[in-house]
$ cat entry_25.cif   # mmCIF, C-alpha atoms and all ligand atoms
data_target
#
loop_
_atom_site.label_atom_id
_atom_site.label_comp_id
_atom_site.auth_asym_id
_atom_site.auth_seq_id
_atom_site.Cartn_x
_atom_site.Cartn_y
_atom_site.Cartn_z
CA MET P 1 122.86 239.36 115.67
CA PRO P 2 123.52 242.42 117.90
CA GLU P 3 125.30 241.35 121.06
CA ARG P 4 124.92 244.50 123.13
CA LEU P 5 122.05 246.27 124.79
CA GLY P 6 121.23 249.75 123.61
CA PRO P 7 122.04 252.92 125.58
CA PRO P 8 120.12 253.71 128.81
CA LEU P 9 116.81 255.54 128.37
CA ASP P 10 116.71 259.24 129.32
CA MET P 11 113.43 258.66 131.18
CA PRO P 12 112.56 255.38 132.94
CA LEU P 13 109.46 253.52 131.61
CA PHE P 14 108.19 252.91 135.17
CA ASP P 15 108.74 254.84 138.41
CA ARG P 16 108.95 251.74 140.58
CA VAL P 17 109.34 248.11 139.49
CA ALA P 18 109.26 245.11 141.85
CA LEU P 19 110.62 241.72 140.84
CA ILE P 20 109.57 238.70 142.90
CA GLY P 21 112.06 235.83 142.58
CA LEU P 22 115.64 236.80 141.73
CA GLY P 23 116.85 233.64 140.03
CA LEU P 24 118.05 233.30 136.44
CA ILE P 25 115.13 235.22 134.92
CA GLY P 26 114.49 237.74 137.71
CA SER P 27 118.17 238.65 138.01
CA SER P 28 118.51 238.92 134.22
CA ILE P 29 115.58 241.37 134.16
CA ALA P 30 117.15 243.24 137.10
CA ARG P 31 120.48 243.60 135.28
CA ALA P 32 118.75 244.75 132.07
CA VAL P 33 116.50 247.20 133.95
CA LYS P 34 119.49 248.78 135.72
CA HIS P 35 121.59 248.84 132.56
CA LEU P 36 118.82 250.39 130.43
CA ASN P 37 117.34 252.69 133.11
CA LEU P 38 113.86 251.15 132.74
CA ALA P 39 112.82 251.86 136.35
CA GLY P 40 113.22 254.88 138.65
CA THR P 41 113.57 252.41 141.53
CA LEU P 42 114.01 248.65 141.26
CA VAL P 43 112.96 246.46 144.21
CA ALA P 44 113.99 242.81 144.52
CA VAL P 45 111.76 240.49 146.56
CA ASP P 46 112.59 236.85 147.29
CA ARG P 47 111.49 234.43 150.00
CA SER P 48 115.12 233.35 150.44
CA GLU P 49 117.36 235.44 152.75
CA GLU P 50 120.36 234.00 150.93
CA VAL P 51 119.10 235.28 147.56
CA VAL P 52 118.29 238.72 149.02
CA THR P 53 121.81 238.95 150.47
CA ARG P 54 123.34 237.93 147.15
CA VAL P 55 121.24 240.52 145.26
CA ARG P 56 122.62 243.20 147.60
CA GLU P 57 126.19 241.97 147.03
CA LEU P 58 125.69 241.99 143.28
CA ALA P 59 124.06 245.45 143.47
CA ILE P 60 121.52 244.53 140.78
CA ALA P 61 118.56 246.23 142.53
CA ASP P 62 118.06 249.44 144.52
CA GLU P 63 116.28 247.66 147.37
CA ALA P 64 116.01 243.99 148.36
CA THR P 65 113.65 242.38 150.87
CA THR P 66 111.92 239.15 151.90
CA ASP P 67 108.77 241.12 152.80
CA PHE P 68 106.32 240.68 149.89
CA VAL P 69 103.84 243.37 150.96
CA ALA P 70 106.49 246.04 151.61
CA GLY P 71 108.35 244.98 148.46
CA VAL P 72 105.45 245.59 146.06
CA ARG P 73 104.12 248.70 147.85
CA ASP P 74 103.89 251.68 145.45
CA ALA P 75 105.25 249.60 142.56
CA ASP P 76 103.81 250.45 139.11
CA LEU P 77 104.94 247.12 137.69
CA VAL P 78 105.29 243.86 139.64
CA ILE P 79 106.76 240.83 137.86
CA LEU P 80 106.52 237.33 139.32
CA CYS P 81 109.71 235.43 138.41
CA VAL P 82 109.07 232.33 140.53
CA PRO P 83 108.32 228.70 139.57
CA VAL P 84 104.83 228.42 138.03
CA GLY P 85 103.56 226.22 140.86
CA VAL P 86 103.84 229.00 143.48
CA CYS P 87 102.45 231.96 141.49
CA GLY P 88 99.07 231.74 143.27
CA THR P 89 100.52 231.76 146.78
CA VAL P 90 102.90 234.59 145.90
CA ALA P 91 100.01 236.64 144.46
CA GLU P 92 98.00 236.04 147.62
CA ALA P 93 100.91 237.06 149.84
CA MET P 94 101.65 240.32 147.98
CA LYS P 95 98.01 241.34 147.49
CA PRO P 96 97.75 243.77 150.45
CA GLY P 97 100.64 245.84 149.05
CA LEU P 98 99.39 246.23 145.46
CA LYS P 99 98.71 249.77 144.29
CA PRO P 100 95.48 250.54 142.37
CA GLY P 101 96.28 251.08 138.69
CA SER P 102 99.50 249.04 138.89
CA ILE P 103 100.36 246.23 136.48
CA VAL P 104 101.11 242.67 137.59
CA SER P 105 102.99 240.43 135.15
CA ASP P 106 104.99 237.20 135.30
CA VAL P 107 107.53 235.23 133.27
CA GLY P 108 106.16 231.69 133.70
CA SER P 109 106.74 229.06 131.02
CA VAL P 110 103.04 228.06 131.30
CA LYS P 111 100.29 230.66 130.96
CA ALA P 112 96.71 229.30 131.49
CA SER P 113 97.51 227.84 134.91
CA VAL P 114 99.35 230.98 136.06
CA ILE P 115 96.37 233.12 135.03
CA ALA P 116 93.99 230.80 136.90
CA GLN P 117 96.19 230.94 140.01
CA VAL P 118 96.93 234.68 140.06
CA GLN P 119 93.78 236.41 138.77
CA PRO P 120 91.52 235.61 141.75
CA HIS P 121 93.99 237.38 144.08
CA LEU P 122 94.23 240.65 142.15
CA PRO P 123 92.15 243.55 143.53
CA ASP P 124 89.88 245.47 141.12
CA GLY P 125 91.84 248.14 139.26
CA VAL P 126 95.08 246.15 139.16
CA HIS P 127 95.96 245.13 135.59
CA PHE P 128 97.29 241.71 134.69
CA VAL P 129 99.52 241.17 131.64
CA PRO P 130 101.13 237.69 131.78
CA ALA P 131 104.35 237.25 129.81
CA HIS P 132 106.75 234.50 128.81
CA PRO P 133 110.24 235.39 127.65
CA VAL P 134 111.21 232.44 125.46
CA ALA P 135 114.83 232.69 126.52
CA GLY P 136 116.80 230.95 129.19
CA THR P 137 119.55 228.54 130.08
CA GLU P 138 119.93 225.43 132.21
CA HIS P 139 121.36 227.55 135.06
CA SER P 140 119.49 228.94 138.08
CA GLY P 141 119.91 231.55 140.78
CA PRO P 142 120.94 235.21 140.94
CA ASP P 143 124.50 234.60 139.74
CA ALA P 144 123.30 232.90 136.54
CA GLY P 145 121.49 235.93 135.10
CA PHE P 146 122.81 238.29 132.41
CA ALA P 147 121.40 241.48 130.94
CA THR P 148 121.41 240.36 127.29
CA LEU P 149 119.43 237.16 127.92
CA PHE P 150 116.28 238.49 126.24
CA HIS P 151 118.02 240.20 123.36
CA ASN P 152 116.68 239.06 119.98
CA ARG P 153 114.44 236.48 121.69
CA TRP P 154 110.67 236.21 121.67
CA CYS P 155 108.54 237.36 124.54
CA ILE P 156 104.92 236.19 124.38
CA LEU P 157 102.22 238.22 126.14
CA THR P 158 98.92 236.50 126.97
CA PRO P 159 96.64 239.24 128.34
CA PRO P 160 93.21 238.00 129.45
CA GLU P 161 90.42 239.16 127.13
CA GLY P 162 89.35 242.75 127.81
CA GLU P 163 92.58 243.69 129.61
CA ASP P 164 93.46 247.39 129.49
CA GLU P 165 95.24 248.15 126.18
CA GLU P 166 97.52 250.74 127.74
CA ALA P 167 98.74 248.24 130.34
CA VAL P 168 99.49 245.71 127.57
CA GLU P 169 101.39 248.35 125.59
CA ARG P 170 103.45 249.35 128.63
CA VAL P 171 104.51 245.73 129.18
CA ARG P 172 105.26 245.41 125.48
CA ALA P 173 107.46 248.53 125.66
CA PHE P 174 109.30 247.06 128.68
CA TRP P 175 110.24 243.84 126.84
CA THR P 176 110.99 245.65 123.59
CA ALA P 177 113.43 247.88 125.48
CA MET P 178 115.24 244.73 126.69
CA GLY P 179 115.64 243.67 123.05
CA SER P 180 112.82 241.11 122.80
CA ASN P 181 110.45 240.62 119.91
CA VAL P 182 106.97 240.71 121.43
CA GLU P 183 104.02 238.65 120.25
CA ILE P 184 100.52 238.46 121.73
CA MET P 185 98.53 235.23 121.83
CA ALA P 186 95.83 233.42 123.81
CA ALA P 187 97.11 231.59 126.88
CA GLN P 188 95.71 228.19 125.79
CA HIS P 189 97.38 228.51 122.38
CA HIS P 190 100.67 229.49 124.02
CA ASP P 191 100.56 226.38 126.19
CA LEU P 192 99.96 224.10 123.22
CA VAL P 193 102.74 225.65 121.13
CA LEU P 194 105.24 225.61 124.00
CA ALA P 195 104.33 222.02 124.87
CA ILE P 196 105.82 220.83 121.58
CA THR P 197 108.58 223.42 121.16
CA SER P 198 109.92 223.46 124.71
CA HIS P 199 108.21 221.24 127.28
CA VAL P 200 108.23 217.89 125.45
CA PRO P 201 111.85 218.41 124.25
CA HIS P 202 112.87 218.90 127.88
CA LEU P 203 110.97 215.76 128.88
CA ILE P 204 112.75 213.80 126.14
CA ALA P 205 116.13 215.11 127.39
CA TYR P 206 115.35 214.16 131.01
CA ASN P 207 114.20 210.76 129.79
CA ILE P 208 117.13 209.92 127.53
CA VAL P 209 119.75 210.99 130.08
CA GLY P 210 117.93 209.04 132.79
CA THR P 211 117.64 205.96 130.60
CA ALA P 212 121.31 206.09 129.60
CA ALA P 213 122.35 206.42 133.23
CA ASP P 214 120.17 203.41 134.17
CA LEU P 215 121.44 201.08 131.44
CA GLU P 216 123.22 198.19 133.07
CA THR P 217 125.33 197.44 129.99
CA VAL P 218 126.70 201.00 129.89
CA THR P 219 128.58 202.40 132.87
CA GLN P 220 128.23 205.96 134.14
CA GLY P 221 131.90 206.45 133.15
CA GLU P 222 131.16 205.55 129.54
CA VAL P 223 128.14 207.87 129.44
CA ILE P 224 130.40 210.78 130.43
CA LYS P 225 133.37 209.66 128.30
CA PHE P 226 131.47 209.21 125.03
CA SER P 227 129.00 212.06 125.43
CA ALA P 228 130.51 214.17 122.63
CA GLY P 229 127.70 213.24 120.21
CA GLY P 230 124.02 214.24 120.29
CA PHE P 231 123.77 213.00 123.86
CA ARG P 232 125.85 215.93 125.09
CA ASP P 233 123.20 218.45 124.01
CA PHE P 234 120.59 216.45 125.89
CA THR P 235 122.69 216.52 129.08
CA ARG P 236 122.71 220.33 128.99
CA ILE P 237 118.92 220.45 128.80
CA ALA P 238 118.57 217.69 131.40
CA ALA P 239 120.62 219.80 133.84
CA SER P 240 117.74 222.34 133.98
CA ASP P 241 116.16 223.22 137.31
CA PRO P 242 114.14 220.30 138.78
CA THR P 243 111.60 222.47 140.67
CA MET P 244 110.90 224.68 137.68
CA TRP P 245 110.41 221.76 135.30
CA ARG P 246 108.36 219.64 137.71
CA ASP P 247 105.99 222.61 137.97
CA ILE P 248 105.86 223.14 134.19
CA PHE P 249 104.82 219.54 133.53
CA LEU P 250 102.24 219.49 136.33
CA HIS P 251 100.76 222.82 135.18
CA ASN P 252 100.67 222.12 131.44
CA LYS P 253 99.49 218.56 131.85
CA GLU P 254 96.87 218.36 129.09
CA ALA P 255 98.91 219.95 126.30
CA VAL P 256 102.02 217.93 127.20
CA LEU P 257 100.09 214.64 127.30
CA GLU P 258 98.42 215.50 123.98
CA MET P 259 101.80 216.16 122.34
CA LEU P 260 103.38 213.08 123.94
CA GLY P 261 100.59 210.92 122.49
CA ARG P 262 101.33 212.28 119.03
CA LEU P 263 105.06 211.81 119.53
CA ASN P 264 104.61 208.19 120.61
CA GLU P 265 102.71 207.48 117.38
CA ASP P 266 105.45 209.06 115.28
CA ILE P 267 108.20 207.18 117.12
CA ALA P 268 106.35 203.92 116.47
CA LEU P 269 106.35 204.82 112.75
CA LEU P 270 110.10 205.50 112.86
CA ALA P 271 110.75 202.19 114.62
CA ARG P 272 108.71 200.46 111.93
CA ALA P 273 110.67 202.18 109.14
CA ILE P 274 113.95 201.04 110.72
CA ARG P 275 112.68 197.48 111.25
CA TRP P 276 111.53 197.13 107.63
CA GLY P 277 114.48 198.93 106.09
CA GLU P 278 112.33 201.79 104.75
CA GLY P 279 115.28 204.11 104.16
CA ASP P 280 113.27 206.57 102.04
CA LYS P 281 110.97 207.34 104.95
CA LEU P 282 113.91 208.06 107.23
CA PHE P 283 115.70 210.09 104.56
CA ASP P 284 112.60 212.21 103.83
CA LEU P 285 112.04 213.02 107.48
CA PHE P 286 115.70 213.87 108.11
CA THR P 287 115.69 216.13 105.04
CA ARG P 288 112.63 217.99 106.33
CA THR P 289 114.08 218.40 109.83
CA ARG P 290 117.42 219.64 108.47
CA ALA P 291 115.52 222.38 106.58
CA ILE P 292 113.78 223.40 109.81
CA ARG P 293 117.10 223.75 111.65
CA ARG P 294 118.55 225.81 108.77
CA GLY P 295 115.45 228.01 108.82
CA ILE P 296 115.96 228.71 112.53
CA ILE P 297 119.61 229.64 111.96
CA SER P 298 118.87 231.92 109.01
CA SER P 299 116.13 233.66 111.02
CA GLY P 300 118.91 234.76 113.42
CA GLN P 301 117.42 233.03 116.48
CA GLU P 302 120.28 230.59 116.88
CA THR P 303 123.97 230.34 116.10
CA ALA P 304 125.20 227.53 113.86
CA GLU P 305 127.44 226.17 116.61
CA PRO P 306 126.19 224.93 119.99
CA ASP P 307 126.31 227.96 122.30
CA PHE P 308 125.48 226.25 125.58
CA GLY P 309 123.34 229.10 126.85
CA ARG P 310 124.86 232.14 125.15
CA ARG P 311 126.95 233.00 128.20
CA LYS P 312 129.78 234.52 126.17
CA ASP P 313 127.79 237.73 125.58
CA GLN P 314 126.89 238.33 129.21
CA ALA P 315 126.61 241.98 130.15
N1 LIG Q 401 115.06 229.10 133.41
C1 LIG Q 401 114.66 229.41 132.20
O1 LIG Q 401 115.35 229.12 131.23
C2 LIG Q 401 113.33 230.09 132.03
C3 LIG Q 401 112.41 230.19 133.06
N2 LIG Q 401 111.21 230.79 132.87
C4 LIG Q 401 110.26 230.88 133.97
O2 LIG Q 401 110.79 231.81 134.90
C5 LIG Q 401 110.41 231.48 136.22
C6 LIG Q 401 111.65 231.52 137.11
O3 LIG Q 401 112.60 230.64 136.60
P1 LIG Q 401 114.16 230.79 136.95
O4 LIG Q 401 114.51 232.22 137.10
O5 LIG Q 401 114.88 229.95 135.98
O6 LIG Q 401 114.20 230.10 138.37
P2 LIG Q 401 115.33 230.15 139.51
O7 LIG Q 401 115.25 228.85 140.22
O8 LIG Q 401 116.64 230.57 138.95
O9 LIG Q 401 114.79 231.31 140.46
C7 LIG Q 401 113.57 231.25 141.12
C8 LIG Q 401 113.62 232.23 142.28
O10 LIG Q 401 112.33 232.27 142.88
C9 LIG Q 401 112.48 232.24 144.28
N3 LIG Q 401 111.26 231.64 144.85
C10 LIG Q 401 110.87 230.37 144.77
N4 LIG Q 401 109.69 230.21 145.40
C11 LIG Q 401 109.35 231.43 145.87
C12 LIG Q 401 108.26 231.92 146.61
N5 LIG Q 401 107.26 231.12 146.99
N6 LIG Q 401 108.24 233.23 146.92
C13 LIG Q 401 109.25 234.06 146.53
N7 LIG Q 401 110.33 233.65 145.84
C14 LIG Q 401 110.36 232.35 145.52
C15 LIG Q 401 113.72 231.41 144.53
O11 LIG Q 401 114.28 231.70 145.82
C16 LIG Q 401 114.61 231.85 143.39
O12 LIG Q 401 115.39 232.96 143.76
C17 LIG Q 401 109.70 230.13 136.14
O13 LIG Q 401 108.31 230.33 136.21
C18 LIG Q 401 110.07 229.61 134.77
O14 LIG Q 401 109.05 228.80 134.22
C19 LIG Q 401 110.88 231.40 131.68
C20 LIG Q 401 111.76 231.38 130.65
C21 LIG Q 401 113.03 230.69 130.71
O1 LIG Q 402 118.06 226.35 127.90
C1 LIG Q 402 117.26 226.13 126.98
O2 LIG Q 402 117.60 225.55 125.94
C2 LIG Q 402 115.85 226.54 127.09
O3 LIG Q 402 115.00 226.01 126.44
C3 LIG Q 402 115.57 227.64 128.05
C4 LIG Q 402 114.13 227.89 128.31
C5 LIG Q 402 113.49 227.20 129.32
C6 LIG Q 402 112.17 227.45 129.60
C7 LIG Q 402 111.48 228.38 128.88
O4 LIG Q 402 110.19 228.62 129.16
C8 LIG Q 402 112.09 229.09 127.86
C9 LIG Q 402 113.43 228.85 127.59
#

$ encode --input "entry_25.cif" --output "structure tokens"
Amino acid sequence: MPERLGPPLDMPLFDRVALIGLGLIGSSIARAVKHLNLAGTLVAVDRSEEVVTRVRELAIADEATTDFVAGVRDADLVILCVPVGVCGTVAEAMKPGLKPGSIVSDVGSVKASVIAQVQPHLPDGVHFVPAHPVAGTEHSGPDAGFATLFHNRWCILTPPEGEDEEAVERVRAFWTAMGSNVEIMAAQHHDLVLAITSHVPHLIAYNIVGTAADLETVTQGEVIKFSAGGFRDFTRIAASDPTMWRDIFLHNKEAVLEMLGRLNEDIALLARAIRWGEGDKLFDLFTRTRAIRRGIISSGQETAEPDFGRRKDQA
């Protein structure tokens, strides 16, 4: 797997790009954009003065402001990198500054709800190409980002039907330049797929760590001391940002509940197999799941060892 970004482009893809929300994802995009020369001018917008100050200290954008309207003015591409629950209010706040012909995008982990929140606020002539980079870590904030985060990772675009093809292709080119593999799918389908591949696994991690911490027969000290096994991987996931994940579950409610229902049925079957000593059933499942893990590794999406967020290849 290549660990470095390519050389900077001779010509930027966009004259002016505005990022709203400079946390893990926004600041990773900012670093990649600067490194690869993807924007003539990069503007950072955040509601937090502290974040804006830190962005200036880190020098990861050309301009930084808390003023949404001024921040997006004249931008050709505006990307919302905020928790999914506030995308509608952010879109409403920036609306007066949006330039006709510009492209609005986002990075939210849920797509149908973000589209429903944002679309009503976009003036005619502004294109909307929602995106979800399927790449991240359990860390948050502008210091947590790194330019190679999206390298060799999927980025899913969910343009509403009838959206301008050229706008979609420009967003595709942007993510491809950052090293992502881009796929296009319907927002509802995205939400169903991500419910089982990302959202429910996070819920399970939050649940198992919470349950272990609550167990009266096991002390907090023992949970930490003996966490070298599978539990340790769950604690990494369960350290993910509470605001972000609260919003994901509330905004992908139906798909998550659907997948949880299915999961509950399968767990009941596993409990039954254990109770009745049906070793073959357990063995068959574990054999199938081992093949899935090996398939992921051989596809180059994951290293064989735990990488705890791929921070060693930060750029
Ligand atoms: N963390 C991850 O691993 C991934 C996150 N995402 C998505 O990316 C988005 C951002 O996530 P992170 O960068 O991890 O979050 P973060 O917590 O690191 O950063 C969020 C930033 O948004 C700002 N913000 C919050 N509310 C705002 C508002 N109303 N107006 C303006 N700025 C506001 C915060 O000040 C902060 O700087 C979320 O929608 C999340 O679902 C997508 C892929 C991976
Ligand atoms: O840290 C991890 O293991 C993740 O799963 C990161 C992540 C979180 C949310 C997303 O929408 C995509 C990726």

$ residues_around --input "entry_25.cif" --residues "Leu77 (chain P)" --least-positions-apart "4" --cutoff "8 Å" --atoms "all atoms listed in the file" --output "PDB file with C-alpha atoms, in the frame of the given file"
ATOM      1  CA  PHE P  14     108.190 252.910 135.170  1.00  0.00           C
ATOM      2  CA  ARG P  16     108.950 251.740 140.580  1.00  0.00           C
ATOM      3  CA  VAL P  17     109.340 248.110 139.490  1.00  0.00           C
ATOM      4  CA  ALA P  18     109.260 245.110 141.850  1.00  0.00           C
ATOM      5  CA  SER P 102      99.500 249.040 138.890  1.00  0.00           C
ATOM      6  CA  ILE P 103     100.360 246.230 136.480  1.00  0.00           C
ATOM      7  CA  VAL P 104     101.110 242.670 137.590  1.00  0.00           C
ATOM      8  CA  SER P 105     102.990 240.430 135.150  1.00  0.00           C
TER       9      SER P 105
END

$ closest_residue --input "entry_25.cif" --among "P:Asp76, P:Leu157, P:Val84, P:Ala30" --to "Ala64 (chain P)" --atoms "only C-alpha atoms"
P:Ala30

$ atom_distance --input "entry_25.cif" --atom1 "CA of Asp10 (chain P)" --atom2 "CA of Thr176 (chain P)"
15.8 Å

$ residues_around --input "entry_25.cif" --residues "region 238-240 of chain P" --least-positions-apart "3" --cutoff "10 Å" --atoms "all atoms listed in the file" --output "number ranges by chain"
P: 136-140, 201-210, 232-235, 243-245

$ write_last_selection --input "entry_25.cif" --atoms "C-alpha atoms" --output "PDB file, keeping the file's coordinate frame"
ATOM      1  CA  GLY P 136     116.800 230.950 129.190  1.00  0.00           C
ATOM      2  CA  THR P 137     119.550 228.540 130.080  1.00  0.00           C
ATOM      3  CA  GLU P 138     119.930 225.430 132.210  1.00  0.00           C
ATOM      4  CA  HIS P 139     121.360 227.550 135.060  1.00  0.00           C
ATOM      5  CA  SER P 140     119.490 228.940 138.080  1.00  0.00           C
ATOM      6  CA  PRO P 201     111.850 218.410 124.250  1.00  0.00           C
ATOM      7  CA  HIS P 202     112.870 218.900 127.880  1.00  0.00           C
ATOM      8  CA  LEU P 203     110.970 215.760 128.880  1.00  0.00           C
ATOM      9  CA  ILE P 204     112.750 213.800 126.140  1.00  0.00           C
ATOM     10  CA  ALA P 205     116.130 215.110 127.390  1.00  0.00           C
ATOM     11  CA  TYR P 206     115.350 214.160 131.010  1.00  0.00           C
ATOM     12  CA  ASN P 207     114.200 210.760 129.790  1.00  0.00           C
ATOM     13  CA  ILE P 208     117.130 209.920 127.530  1.00  0.00           C
ATOM     14  CA  VAL P 209     119.750 210.990 130.080  1.00  0.00           C
ATOM     15  CA  GLY P 210     117.930 209.040 132.790  1.00  0.00           C
ATOM     16  CA  ARG P 232     125.850 215.930 125.090  1.00  0.00           C
ATOM     17  CA  ASP P 233     123.200 218.450 124.010  1.00  0.00           C
ATOM     18  CA  PHE P 234     120.590 216.450 125.890  1.00  0.00           C
ATOM     19  CA  THR P 235     122.690 216.520 129.080  1.00  0.00           C
ATOM     20  CA  THR P 243     111.600 222.470 140.670  1.00  0.00           C
ATOM     21  CA  MET P 244     110.900 224.680 137.680  1.00  0.00           C
ATOM     22  CA  TRP P 245     110.410 221.760 135.300  1.00  0.00           C
TER      23      TRP P 245
END

$ closest_residue --input "entry_25.cif" --among "P:Asp143, P:Asp191, P:Asp124, P:Asp164" --to "ligand LIG 401 (chain Q)" --atoms "all atoms listed in the file"
P:Asp143

$ residues_near_ligand --input "entry_25.cif" --ligand "ligand LIG 402 (chain Q)" --cutoff "8 Å" --atoms "all atoms listed in the file" --output "list of chain:residue names"
P:Gly108, P:Ser109, P:Val110, P:His132, P:Pro133, P:Val134, P:Ala135, P:Gly136, P:Thr137, P:Glu138, P:His139, P:Leu194, P:Ser198, P:His199, P:His202, P:Arg236, P:Ile237, P:Ser240, P:Phe308, P:Gly309

$ residues_around --input "entry_25.cif" --residues "Gly40 (chain P)" --least-positions-apart "5" --cutoff "10 Å" --atoms "only C-alpha atoms" --output "list in words"
Met11, Pro12, Leu13, Phe14, Asp15, Arg16, Val17, Val33, Lys34 and Asp62 of chain P

$ closest_residue --input "entry_25.cif" --among "P:Leu122, P:Ile196, P:Val129, P:Ala212" --to "Arg170 (chain P)" --atoms "all atoms listed in the file"
P:Val129

$ build_atoms --input "entry_25.cif" --residues "region 204-220 of chain P" --atoms "N, CA and C atoms" --output "mmCIF file, keeping the file's coordinate frame"
data_model
loop_
_atom_site.group_PDB
_atom_site.id
_atom_site.type_symbol
_atom_site.label_atom_id
_atom_site.label_comp_id
_atom_site.auth_asym_id
_atom_site.auth_seq_id
_atom_site.Cartn_x
_atom_site.Cartn_y
_atom_site.Cartn_z
ATOM 1 N N ILE P 204 111.966 214.794 126.890
ATOM 2 C CA ILE P 204 112.750 213.800 126.140
ATOM 3 C C ILE P 204 114.204 213.814 126.644
ATOM 4 N N ALA P 205 114.741 215.010 126.900
ATOM 5 C CA ALA P 205 116.130 215.110 127.390
ATOM 6 C C ALA P 205 116.243 214.463 128.780
ATOM 7 N N TYR P 206 115.310 214.783 129.676
ATOM 8 C CA TYR P 206 115.350 214.160 131.010
ATOM 9 C C TYR P 206 115.273 212.640 130.872
ATOM 10 N N ASN P 207 114.412 212.190 129.952
ATOM 11 C CA ASN P 207 114.200 210.760 129.790
ATOM 12 C C ASN P 207 115.429 210.061 129.222
ATOM 13 N N ILE P 208 116.020 210.626 128.188
ATOM 14 C CA ILE P 208 117.130 209.920 127.530
ATOM 15 C C ILE P 208 118.369 209.888 128.438
ATOM 16 N N VAL P 209 118.592 210.976 129.173
ATOM 17 C CA VAL P 209 119.750 210.990 130.080
ATOM 18 C C VAL P 209 119.509 210.012 131.229
ATOM 19 N N GLY P 210 118.278 209.990 131.713
ATOM 20 C CA GLY P 210 117.930 209.040 132.790
ATOM 21 C C GLY P 210 118.069 207.601 132.328
ATOM 22 N N THR P 211 117.573 207.322 131.123
ATOM 23 C CA THR P 211 117.640 205.960 130.600
ATOM 24 C C THR P 211 119.094 205.527 130.411
ATOM 25 N N ALA P 212 119.902 206.420 129.835
ATOM 26 C CA ALA P 212 121.310 206.090 129.600
ATOM 27 C C ALA P 212 122.022 205.801 130.923
ATOM 28 N N ALA P 213 121.699 206.600 131.932
ATOM 29 C CA ALA P 213 122.350 206.420 133.230
ATOM 30 C C ALA P 213 121.916 205.111 133.885
ATOM 31 N N ASP P 214 120.701 204.650 133.551
ATOM 32 C CA ASP P 214 120.170 203.410 134.170
ATOM 33 C C ASP P 214 120.634 202.140 133.458
ATOM 34 N N LEU P 215 121.111 202.288 132.216
ATOM 35 C CA LEU P 215 121.440 201.080 131.440
ATOM 36 C C LEU P 215 122.537 200.259 132.121
ATOM 37 N N GLU P 216 122.237 199.011 132.348
ATOM 38 C CA GLU P 216 123.220 198.190 133.070
ATOM 39 C C GLU P 216 124.425 197.856 132.208
ATOM 40 N N THR P 217 124.216 197.809 130.876
ATOM 41 C CA THR P 217 125.330 197.440 129.990
ATOM 42 C C THR P 217 126.275 198.613 129.721
ATOM 43 N N VAL P 218 125.849 199.820 130.105
ATOM 44 C CA VAL P 218 126.700 201.000 129.890
ATOM 45 C C VAL P 218 127.001 201.609 131.249
ATOM 46 N N THR P 219 128.262 201.837 131.555
ATOM 47 C CA THR P 219 128.580 202.400 132.870
ATOM 48 C C THR P 219 128.438 203.911 132.851
ATOM 49 N N GLN P 220 128.291 204.493 134.016
ATOM 50 C CA GLN P 220 128.230 205.960 134.140
ATOM 51 C C GLN P 220 129.468 206.588 133.499
#
